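Remarks on the structure that follows.
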Number of protein chains: 2
Amino acid sequence: MTTEERRRTDARPRAFEEVLARIEERIAADGLTVGDRLPGERQLAEQLGVGRSSVREALRVLETLGVVTPQAGRGPDAGAVLTSRPGSALTDLLRLHLGLATLSMREVIDTRLMIEQWAAARAATPPPAVSTGTVSTPTATATATATATARMAEAIAAMDAARDPAEFVEHDIAFHLALAEASGNRLIVAVMRALRDAVRRYAVDAVVRLGDTGGLQDDHRRIHRAIEDGDAGAAAAAVAGHLARAYPESGPDS
Amino acid sequence: MTTEERRRTDARPRAFEEVLARIEERIAADGLTVGDRLPGERQLAEQLGVGRSSVREALRVLETLGVVTPQAGRGPDAGAVLTSRPGSALTDLLRLHLGLATLSMREVIDTRLMIEQWAAARAATPPPAVSTGTVSTPTATATATATATARMAEAIAAMDAARDPAEFVEHDIAFHLALAEASGNRLIVAVMRALRDAVRRYAVDAVVRLGDTGGLQDDHRRIHRAIEDGDAGAAAAAVAGHLARAYPESGPDS
DNA sequence: AGACCAAATATGGTCAGACCATACATCCTG
DNA sequence: CAGGATGTATGGTCTGACCATATTTGGTCT
């Protein structure tokens with residue numbers, strides 16, 4: 001029958017997927033950005049000709065992906081607020097897939113190594129002074145890098161003052177996050193944050209295993225100095241050495 | 001009343017979040033992995049003492065994150081099947097945040113550069129023969145790398161035969177995806193796939209702009225050869241040269 | 001006995017309607 | 001004019017009811 005054939009080719013798009021597509025179109029068409037609001041759930045349901053539950057599922061997906069944040073009450077414009085939290089989705093993603101044994105800790109740590117090295121080299125390299133293209137302020141990234149390196153110094157001092165491994169790791173995360181921010185790439189920052197959140201416990205174990213944090217701090221200072229000096233090669237090398245120290249080759253199972 | 005006080009401190013966890021947490025607990029506790037099934041929606045709702053709509057929203061989140069796939073019909077065990085599609089979530093994430101102007105194309109492309117370079121160096125480096133640790137077959141990754149390099153060669157041939165930019169890019173994606181797979185890191189592969197999907201159109205423009213694909217193919221061959229020779233440095237250098245050619249510095253707005 | 005087809009059944013997908021708690025707007029009162 | 005009571009729209013949730021589909025089951029025909 002034609003029914004069967006129809007079903008085959010239709011690929012059965014579900015209602016909430018349709019809603020998702022429409023909302024995405026709307027964002028692109030109206031040029032909506034962070035801070036703007038979507039219509040209320042009931043209104044959207046009526047506009048799109050679907051039930052409210054379908055709209056809700058679509059909004060839940062968008063919330064999961066860090067695109068909207070639900071806002072109750074009665075605003076002048078009502079509905080969900082467009083936001084930007086790409087990190088939360090990545091964190092959830094890693095946590096769940098690690099739980100499912102779809103990803104191994106080794107893979108996550110290796111990825112982290114890759115990012116750190118790249119970010120360090122990138123942060124040390126002054127922006128190539130792109131004359132064409134973006135209208136955005138050329139000094140903006142430079143300022144961002146400056147505050148980021150300042151935060152790195154603060155983190156180093158905080159690690160010196162740390163009394164236990166957990167506290168040390170907390171500031172260590174801040175240090176490496178600042179490193180990522182110094183690269184000026186928001187996607188990298190988001191991924192970095194998610195990775196560190198995922199391996200937080202593992203990092204504490206690593207610090208405990210090492211016992212002495214003096215070597216790590218030497219590395220941190222070396223990284224920080226290399227970036228301030230604008231020596232990309234030295235920065236990358238310093239990071240490589242640092243991570244080799246923290247996570248020596250074989251992935252311990254303990 | 002205690003009701004008001006309770007509300008304040010509760011930080012209002014929503015029902016579907018509770019369901020999410022419970023399902024995650026269950027996965028960890030029962031050691032569920034890919035292929036296993038969750039109870040049906042109605043059954044879950046009853047077990048957890050919530051409405052079916054809340055269960056559905058939780059499952060929708062899990063589906064978005066690539067953890068479950070809905071399965072209709074009446075199986076011996078019923079309900080959603082645990083899967084592993086970390087890529088789809090990443091793809092959606094990038095697409096939406098690019099649409100929201102939260103991420104710039106430049107950031108995405110830079111990230112892609114980072115991954116490609118790392119993957120090439122990694123693929124060229126033979127596994128350091130870790131004597132301890134994982135029980136998994138030591139030859140498994142080697143085999144994966146071998147088939148990946150073979151796919152890279154196929155992709156190069158296919159690009160030679162390509163008649164238009166779109167087709168060329170299609171096989172180019174296959175080539176670079178195989179490169180990522182050769183690194184043996186599934187997280188990297190997932191991110192790579194999402195990145196390529198996000199910049200697919202942009203890549204076609206780049207090819208059209210270049211006009212001649214001969215240089216790109218030379219690069220591809222150089223990368224492939226370096227990996228087969230196990231020369232990590234040459235592989236990384238080849239990738240860097242390749243991407244510098246494809247995306248010359250300034251981000252064109254066209 | 002074996003192959004094949006039809007009813008039974010459980011699933012996810014969807015909608016409609018109702019209720020709650022909250023947050024904002026309004027208006028009324030002091 | 002200030003401040004609190006009231007109204008209203010919002011998201012959050014539950015219930016109950018359908019639909020289309022996919023598997024099972026059981027019967028029927030060969």
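Residue numbering restarts at 1 in every chain; chains get A, B, ... in the order shown in the structure tokens, and ligands count up from 1 in that same order.
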
I'd like the neighbourhood of Arg112 (chain A) as a compact mmCIF listing (two decimals) with N, CA and C atoms, in the first residue's frame, where a residue qualifies if any of its atoms comes within 8 Å (using only C-alpha atoms (C1' of nucleotides)), though same-chain residues fewer than 4 positions away should be ignored.
```
# COMPACT_ATOMS: atom_id res chain seq x y z
N VAL A 108 39.17 11.10 27.69
CA VAL A 108 38.85 12.44 28.19
C VAL A 108 40.13 13.18 28.59
N GLU A 116 44.85 21.86 26.40
CA GLU A 116 45.74 22.69 27.22
C GLU A 116 46.94 23.14 26.42
N MET A 192 36.73 22.93 27.77
CA MET A 192 37.67 22.80 28.88
C MET A 192 36.94 22.70 30.21
N LEU A 195 35.39 19.33 30.56
CA LEU A 195 36.39 18.29 30.79
C LEU A 195 36.86 18.30 32.23
N ARG A 196 37.17 19.49 32.73
CA ARG A 196 37.67 19.56 34.10
C ARG A 196 36.61 19.12 35.10
```

Kindly provide, as a PyMOL selection string, the residues of chain A having any atom no farther than 8 Å from an atom of chain B, counting only C-alpha atoms. chain A and resi 24+27-28+31-34+53+56-57+60-61+64-65+67+84+86+89-90+92-93+96-97+99-103+107-108+111+114-115+118+130+132-134+185-188+249-253

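Between CA of Gln217 (chain B) and CA of Gly230 (chain B) there is a distance of 19.8 Å.
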
Can you pull out the residues contacting region 1-13 of chain D? Cut-off 10 Å, using only C-alpha atoms (C1' of nucleotides), and skip same-chain residues under 6 positions away; I want them as a PyMOL selection string. (chain A and resi 40-42+56+70-75+78-80) or (chain B and resi 14-16+50-54) or (chain C and resi 19-30)

Enumerate, as a PyMOL selection string, the complete set of residues in region 23-222 of chain A that a backbone-based DSSP assignment places in helix (DSSP H, G or I). chain A and resi 23-30+41-48+52-64+86-99+105-124+138-161+165-182+186-198+200-210+214-222

Quick check: residues of chain D within 7 Å of chain B, only C-alpha atoms (C1' of nucleotides), returned as a VMD selection string. chain D and resid 14 21 to 23

Those residues with C-alpha atoms (C1' of nucleotides), as a short mmCIF file (atom, residue, chain, number, x, y, z; two decimals), in the first residue's frame please?
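The resulting file, again_36.cif, is shown below:
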```cif
data_model
loop_
_atom_site.label_atom_id
_atom_site.label_comp_id
_atom_site.auth_asym_id
_atom_site.auth_seq_id
_atom_site.Cartn_x
_atom_site.Cartn_y
_atom_site.Cartn_z
"C1'" DC D 14 -0.70 15.39 36.53
"C1'" DT D 21 3.27 1.26 15.12
"C1'" DA D 22 5.57 -3.07 16.21
"C1'" DT D 23 5.65 -7.39 18.35
#
```

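Running DSSP on the backbone gives strand (DSSP E or B) for these residues within region 5-226 of chain B: Arg37, Val68, Thr69, Val81 and Leu82 of chain B.
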
Save the residues we just selected, N, CA and C atoms, as a PDB file, in the first residue's frame?
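Printed below is again-v7.pdb as written:
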```
ATOM      1  N   ARG B  37      17.976  -1.895  27.968  1.00  0.00           N
ATOM      2  CA  ARG B  37      16.737  -1.122  27.837  1.00  0.00           C
ATOM      3  C   ARG B  37      16.280  -0.576  29.172  1.00  0.00           C
ATOM      4  N   VAL B  68      19.927   7.704  24.854  1.00  0.00           N
ATOM      5  CA  VAL B  68      18.882   6.709  24.599  1.00  0.00           C
ATOM      6  C   VAL B  68      18.250   6.942  23.228  1.00  0.00           C
ATOM      7  N   THR B  69      17.630   5.917  22.716  1.00  0.00           N
ATOM      8  CA  THR B  69      16.884   6.009  21.464  1.00  0.00           C
ATOM      9  C   THR B  69      15.513   5.405  21.694  1.00  0.00           C
ATOM     10  N   VAL B  81      16.033   2.337  24.430  1.00  0.00           N
ATOM     11  CA  VAL B  81      17.281   1.588  24.351  1.00  0.00           C
ATOM     12  C   VAL B  81      18.457   2.528  24.607  1.00  0.00           C
ATOM     13  N   LEU B  82      19.348   2.080  25.440  1.00  0.00           N
ATOM     14  CA  LEU B  82      20.548   2.877  25.694  1.00  0.00           C
ATOM     15  C   LEU B  82      21.453   2.829  24.476  1.00  0.00           C
TER      16      LEU B  82
END
```

Using only C-alpha atoms (C1' of nucleotides), I'd like a table of the residues in chain C that come within 6 Å of chain B; for each, show the closest atom pair and its distance in Å rounded to one decimal, ordered by chain and ascending number, as JSON lines.
```
{"residue": "C:DA10", "atom": "C1'", "partner": "B:Arg74", "partner_atom": "CA", "distance": 5.2}
{"residue": "C:DT11", "atom": "C1'", "partner": "B:Gly73", "partner_atom": "CA", "distance": 4.6}
{"residue": "C:DG12", "atom": "C1'", "partner": "B:Ala72", "partner_atom": "CA", "distance": 5.2}
```

With N, CA, C and O atoms (P, O5', C5', C4', C3', O3' and C1' of nucleotides) kept, could you save the residues just selected as a PDB file, in the first residue's frame?
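Output contents, as saved in again-v3.pdb:
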```
ATOM      1  P    DA C  10      -0.787  -5.863  27.500  1.00  0.00           P
ATOM      2  O5'  DA C  10       0.519  -4.962  27.424  1.00  0.00           O
ATOM      3  C5'  DA C  10       1.730  -5.535  26.944  1.00  0.00           C
ATOM      4  C4'  DA C  10       2.564  -4.468  26.256  1.00  0.00           C
ATOM      5  C3'  DA C  10       2.629  -3.133  27.010  1.00  0.00           C
ATOM      6  O3'  DA C  10       3.979  -2.739  27.182  1.00  0.00           O
ATOM      7  C1'  DA C  10       2.058  -2.797  24.739  1.00  0.00           C
ATOM      8  P    DT C  11       4.361  -1.426  27.969  1.00  0.00           P
ATOM      9  O5'  DT C  11       5.038  -0.509  26.877  1.00  0.00           O
ATOM     10  C5'  DT C  11       6.048  -1.063  26.006  1.00  0.00           C
ATOM     11  C4'  DT C  11       6.178  -0.206  24.787  1.00  0.00           C
ATOM     12  C3'  DT C  11       6.229   1.281  25.083  1.00  0.00           C
ATOM     13  O3'  DT C  11       7.564   1.708  25.214  1.00  0.00           O
ATOM     14  C1'  DT C  11       4.845   0.788  23.182  1.00  0.00           C
ATOM     15  P    DG C  12       7.789   3.124  25.926  1.00  0.00           P
ATOM     16  O5'  DG C  12       7.668   4.131  24.695  1.00  0.00           O
ATOM     17  C5'  DG C  12       8.680   4.122  23.698  1.00  0.00           C
ATOM     18  C4'  DG C  12       8.192   4.890  22.475  1.00  0.00           C
ATOM     19  C3'  DG C  12       8.207   6.413  22.635  1.00  0.00           C
ATOM     20  O3'  DG C  12       8.575   6.992  21.401  1.00  0.00           O
ATOM     21  C1'  DG C  12       6.029   5.702  22.161  1.00  0.00           C
TER      22       DG C  12
END
```

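We find CA of Arg201 (chain B) and CA of Val169 (chain B) to be spaced 9.1 Å apart.
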
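The two atoms in question, CA of Ala240 (chain B) and CA of Ile223 (chain B), are spaced 9.9 Å apart.
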
Using only C-alpha atoms (C1' of nucleotides), which residues sit within 12 Å of Asp218 (chain B) once same-chain residues fewer than 3 positions away are excluded, as an NGL selection string? :B and (156-157 or 159-160 or 212-215 or 221-225 or 238-239 or 241-242 or 245)

Could you write out the selected residues, including C-alpha atoms, as a PDB file, in the first residue's frame?
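The new file selection02.pdb reads:
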```pdb
ATOM      1  CA  ILE B 156      41.904  10.752  -1.458  1.00  0.00           C
ATOM      2  CA  ALA B 157      41.068   8.683  -4.512  1.00  0.00           C
ATOM      3  CA  MET B 159      38.445  13.377  -4.127  1.00  0.00           C
ATOM      4  CA  ASP B 160      40.487  12.912  -7.266  1.00  0.00           C
ATOM      5  CA  ASP B 212      42.327  24.411  -7.768  1.00  0.00           C
ATOM      6  CA  THR B 213      42.232  21.403  -5.464  1.00  0.00           C
ATOM      7  CA  GLY B 214      45.623  20.090  -6.503  1.00  0.00           C
ATOM      8  CA  GLY B 215      47.409  21.713  -3.606  1.00  0.00           C
ATOM      9  CA  ARG B 221      48.838  12.720   0.412  1.00  0.00           C
ATOM     10  CA  ARG B 222      51.569  14.226   2.541  1.00  0.00           C
ATOM     11  CA  ILE B 223      49.480  13.762   5.670  1.00  0.00           C
ATOM     12  CA  HIS B 224      48.631  10.198   4.776  1.00  0.00           C
ATOM     13  CA  ARG B 225      52.225   9.316   4.035  1.00  0.00           C
ATOM     14  CA  ALA B 238      51.529  18.668   6.959  1.00  0.00           C
ATOM     15  CA  VAL B 239      48.177  19.291   8.619  1.00  0.00           C
ATOM     16  CA  GLY B 241      50.228  23.569   6.125  1.00  0.00           C
ATOM     17  CA  HIS B 242      47.051  22.093   4.742  1.00  0.00           C
ATOM     18  CA  ARG B 245      46.137  26.791   2.733  1.00  0.00           C
TER      19      ARG B 245
END
```
